[in-house]
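Presented below is the structure to which this report refers.
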Amino acid sequence: MTLDAVLSRIDTTLPESVDRLMALLRIPSISTDPAHAADCDRAADWLVTELQDLGFEASKRPTPGHPMVVAQGKGPGPHLLFYGHYDVQPVDPLTLWDRNPFDPELQDTPQGRVIRARGASDDKGQLMTFLEACRAWKTEHGSLPCRLTIFLEGEEESGSPSLVPFMQENAAELSADLALICDTGLFESRTPAIVTRLRGLLGEELTIRGPAKDLHSGMYGGIAINPVRVLTRILASLHDDTGRVTLPGFYDGVTELPEDIRAQWQGLAFDHARFLAEVGLSQPAGEQDRTPLEMIWSRPTCEINGIWGGYTGEGFKTVLPAEAHAKVSFRLVGEQDPHTIREAFRAHVRAQLPPDCTAEFHGHGNSRAGHMQTTHPAFEQARAALTEEWGLSAAYVGCGGSIPVAGFFQTILGMDAMLVGFGKDTDQIHSPNEKYDLESFHKGVRSWARFLARVAA
């Protein structure tokens with residue numbers, strides 16, 4: 001089986017591939033809005049039809065929410081599962097879009113041709129790169145290069161409430177040697193990357209209560225405890241002067257980078273000054289003994305996401321508030337246990353409460369960090385395929401955010417996930433005027449074809 005023939009077919013049939021993507025983009029599959037439930041159902045049907053045309057045994061599976069799409073394709077060699085999601089974010093504010101977000105268009109920009117539409121990059125364009133690679137391979141050779149399972153979700157943008165129960169109930173069918181996820185991007189919009197580290201997430205909402213009611217600051221100021229003052233003191237104590245988190249045991253389970261990964265990250269020549277300057281900043285504010293990429297990808301964080309209390313309206317009101325509130329999140333790495341850290345945070349707060357103050361906590365979910373072992377041969381096969389296609393050495397990278405499904409593949413199905421994507425920092429995902437570069441789509445299809453060829457060999 002020759003790769004050149006597959007790549008040539010991808011090149012010559014690119015207009016037809018783009019047309020199929022455009023058809024999927026026209027379906028307004030907004031998962032969080034009940035008014036679009038029928039559209040999510042229609043997107044699932046569309047994908048089932050496409051997969052059946054490719055020779056997969058494909059079906060739409062009901063859930064309490066939006067349906068899953070599962071397809072099985074026969075082939076030799078290893079068994080790979082590909083995951084993507086067909087649902088998209090809401091389009092508000094619509095007035096900031098230059099055109100109908102569900103009327104996709106190829107546009108010429110100073111940076112090149114782009115596909116403009118909601119979901120173009122997140123995640124319809126990305127998932128279609130894999131399907132179009134399968135199409136070219138199947139058309140050219142009459143069969144798939146290996147055994148493939150396609151698993152497409154319709155609730156990723158609304159918290160994936162049906163995902164874990166569905167995976168648990170269908171674990172035997174979904175289990176494979178390795179999962180592939182195409183929902184990430186190129187490093188600094190140019191270097192091909194394989195994400196092997198994902199930070200976990202823990203959320204806490206805190207309320208400090210003091211007096212029984214808001215108080216006049218002239219009558220009670222000085223003698224009465226102020227919950228805002230208590231709260232801000234506690235929050236300020238969460239970090240030391242070097243940027244380290246002060247919670248006891250917080251760094252338990254945090255591992256150091258392997259030297260080969262550290263060298264790859266250094267080779268990326270990350271321009272942290274430009275990265276910060278783009279948002280009006282100049283100095284890294286994390287742990288001062290760490291590199292900027294370590295701060296983002298391999299170190300844990302504690303961040304105050306919101307704080308409020310007392311009078312915040314127009315004008316001025318001299319009041320001592322009865323209560324104060326904050327939202328605090330933790331990004332987790334390595335083997336950090338979110339439940340242990342939750343308890344450490346709550347104990348830290350309670351230990352600093354003065355008389356007459358109480359604390360109330362509300363947890364906002366948690367997930368462990370994901371760390372993918374790169375010992376499976378598919379990782380080096382993918383790195384070689386990406387390097388060949390993009391002309392730049394592909395790197396194993398981290399991701400500052402959280403992609404829970406990768407962890408679910410590990411904990412529920414017992415397999416690692418490989419995250420490869422072709423999005424760019426400028427794609428404006430979740431924002432008005434989302435786009436996906438035509439180059440990302442085209443070279444993404446070619447990248448997957450190269451990877452599948454190496455797996456087949």
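Each chain of the structure tokens is named A, B, ... in the order shown, its residues numbered from 1; ligands are numbered from 1 in display order.
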
Item to check | Residues near stretch 195-206 of chain A, cut-off 8 Å, only C-alpha atoms, skip fewer than 6 positions along chain, as a ChimeraX atom specification | outcome: /A:184,297-298,300,325-333,338,342,359-374,396-404,418-420

Checklist entry - If you run DSSP on the backbone, which residues of stretch 178-302 of chain A are alpha helix (DSSP H), as number ranges by chain? => result A: 217-220, 227-236, 259-267, 272-277, 292-297

Checklist entry - Do you know which residues are at most 10 Å from A:Ile208 counting only C-alpha atoms, after dropping those on the same chain fewer than 3 positions away, and could you put them as a VMD selection string? => result chain A and resid 226 to 231 309 322 to 326 349 to 350 353 357 to 361

Write the residues of the preceding selection, restricted to C-alpha atoms, as a short mmCIF file (atom, residue, chain, number, x, y, z; two decimals), in the first residue's frame.
```cif
data_model
loop_
_atom_site.label_atom_id
_atom_site.label_comp_id
_atom_site.auth_asym_id
_atom_site.auth_seq_id
_atom_site.Cartn_x
_atom_site.Cartn_y
_atom_site.Cartn_z
CA ASN A 226 -15.26 42.81 58.29
CA PRO A 227 -15.63 39.53 56.28
CA VAL A 228 -14.02 41.11 53.21
CA ARG A 229 -10.89 41.88 55.22
CA VAL A 230 -10.86 38.33 56.55
CA LEU A 231 -11.33 36.88 53.08
CA GLY A 309 -18.75 41.38 48.85
CA ALA A 322 -22.22 40.68 56.40
CA GLU A 323 -20.47 38.24 54.07
CA ALA A 324 -17.75 37.99 51.41
CA HIS A 325 -17.28 35.50 48.58
CA ALA A 326 -14.56 34.12 46.33
CA VAL A 349 -9.32 28.73 55.58
CA ARG A 350 -10.82 27.46 58.84
CA LEU A 353 -10.96 32.41 60.81
CA CYS A 357 -16.66 34.42 61.47
CA THR A 358 -17.71 31.20 59.78
CA ALA A 359 -16.84 29.70 56.41
CA GLU A 360 -19.05 27.87 53.94
CA PHE A 361 -17.69 25.92 50.97
#
```

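Ranking A:Lys213, A:Arg99, A:Arg244, A:His79 by their shortest atom-to-atom distance to A:Ser175, with only C-alpha atoms included, puts A:His79 first.
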
Next on the checklist: List as a PyMOL selection string the protein and nucleic acid residues near stretch 42-55 of chain A, meaning an atom at most 10 Å away when only C-alpha atoms are counted, but skip any in the same chain fewer than 4 places from it.
Outcome noted: chain A and resi 20+23-29+36-38+59-61+66-74+85-87+128+131-132+134-139+142-144+150+152-154

Checklist entry - So how many Å separate atom CA of A:Asp33 and atom CA of A:Ser160, to one decimal? => result 13.8 Å

Any idea what's packed within 8 Å of A:Gly243, counting only C-alpha atoms, ignoring anything in its chain fewer than 4 positions away? Could you give it as a JSON list (two decimals) with N, CA and C atoms, in the first residue's frame?
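This went into selection-v5.json:
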```
[["chain", "number", "residue", "atom", "x", "y", "z"],
["A", 239, "HIS", "N", -0.25, 32.15, 48.65],
["A", 239, "HIS", "CA", 1.02, 32.15, 47.92],
["A", 239, "HIS", "C", 2.10, 32.83, 48.75],
["A", 285, "ALA", "N", 4.60, 35.47, 36.53],
["A", 285, "ALA", "CA", 4.24, 35.67, 37.93],
["A", 285, "ALA", "C", 4.16, 34.37, 38.72],
["A", 286, "GLY", "N", 4.51, 33.23, 38.09],
["A", 286, "GLY", "CA", 4.45, 31.96, 38.80],
["A", 286, "GLY", "C", 5.68, 31.69, 39.62],
["A", 287, "GLU", "N", 5.95, 30.41, 39.89],
["A", 287, "GLU", "CA", 7.11, 30.03, 40.70],
["A", 287, "GLU", "C", 8.37, 30.52, 40.01],
["A", 288, "GLN", "N", 9.15, 31.30, 40.75],
["A", 288, "GLN", "CA", 10.25, 32.02, 40.13],
["A", 288, "GLN", "C", 11.43, 31.13, 39.75]]
```

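Atom to atom, atom CA of A:Asp437 and atom CA of A:Val114 stand 4.2 Å apart.
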
Next on the checklist: as a ChimeraX atom specification, please: every residue in stretch 171-355 of chain A that DSSP puts in strand (DSSP E).
Outcome noted: /A:178-181,193-198,200-209,215-216,301-309,319-320,323-332

May I have the residues from that selection written out with C-alpha atoms, as an mmCIF file, in the first residue's frame?
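Final output, again_11.cif:
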```
data_model
loop_
_atom_site.group_PDB
_atom_site.id
_atom_site.type_symbol
_atom_site.label_atom_id
_atom_site.label_comp_id
_atom_site.auth_asym_id
_atom_site.auth_seq_id
_atom_site.Cartn_x
_atom_site.Cartn_y
_atom_site.Cartn_z
ATOM 1 C CA LEU A 178 -4.867 3.620 22.068
ATOM 2 C CA ALA A 179 -7.245 6.579 21.838
ATOM 3 C CA LEU A 180 -6.686 9.465 19.421
ATOM 4 C CA ILE A 181 -8.108 12.908 20.232
ATOM 5 C CA ALA A 193 2.656 18.930 18.659
ATOM 6 C CA ILE A 194 1.481 15.874 20.567
ATOM 7 C CA VAL A 195 0.007 16.738 23.955
ATOM 8 C CA THR A 196 1.166 14.285 26.603
ATOM 9 C CA ARG A 197 0.359 16.285 29.728
ATOM 10 C CA LEU A 198 -2.956 17.781 30.782
ATOM 11 C CA GLY A 200 -6.355 18.540 36.260
ATOM 12 C CA LEU A 201 -8.852 20.964 37.749
ATOM 13 C CA LEU A 202 -10.431 21.637 41.123
ATOM 14 C CA GLY A 203 -12.944 24.402 41.857
ATOM 15 C CA GLU A 204 -13.986 25.840 45.215
ATOM 16 C CA GLU A 205 -16.447 28.601 46.108
ATOM 17 C CA LEU A 206 -15.937 30.184 49.515
ATOM 18 C CA THR A 207 -18.236 32.356 51.632
ATOM 19 C CA ILE A 208 -17.059 34.081 54.817
ATOM 20 C CA ARG A 209 -19.873 35.249 57.127
ATOM 21 C CA LEU A 215 -23.437 47.394 59.187
ATOM 22 C CA HIS A 216 -22.973 51.165 59.057
ATOM 23 C CA THR A 301 -1.505 26.534 40.281
ATOM 24 C CA CYS A 302 -3.903 28.200 42.673
ATOM 25 C CA GLU A 303 -5.852 31.082 41.152
ATOM 26 C CA ILE A 304 -8.517 33.442 42.499
ATOM 27 C CA ASN A 305 -11.122 33.594 39.748
ATOM 28 C CA GLY A 306 -13.591 35.956 41.385
ATOM 29 C CA ILE A 307 -14.086 37.914 44.593
ATOM 30 C CA TRP A 308 -17.030 39.993 45.768
ATOM 31 C CA GLY A 309 -18.754 41.381 48.853
ATOM 32 C CA VAL A 319 -21.095 49.586 54.732
ATOM 33 C CA LEU A 320 -19.447 46.674 56.481
ATOM 34 C CA GLU A 323 -20.467 38.245 54.069
ATOM 35 C CA ALA A 324 -17.753 37.987 51.412
ATOM 36 C CA HIS A 325 -17.280 35.495 48.585
ATOM 37 C CA ALA A 326 -14.560 34.124 46.331
ATOM 38 C CA LYS A 327 -14.099 31.472 43.672
ATOM 39 C CA VAL A 328 -10.749 29.691 43.694
ATOM 40 C CA SER A 329 -9.488 27.134 41.192
ATOM 41 C CA PHE A 330 -6.499 24.798 41.227
ATOM 42 C CA ARG A 331 -4.790 23.354 38.152
ATOM 43 C CA LEU A 332 -3.271 20.013 39.109
#
```

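Put simply, atom CA of A:Ala395 is 28.9 Å away from atom CA of A:Gly75.
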
Next on the checklist: Taking 2 positions as the minimum chain separation for residues in the same chain, which residues sit within 7 Å of stretch 440-451 of chain A when counting only C-alpha atoms? Answer as an MDAnalysis selection string.
Outcome noted: chainID A and resid 3 7 10 125 129:130 132:133 381:382 385:386 389 422:423 436:438 453:455
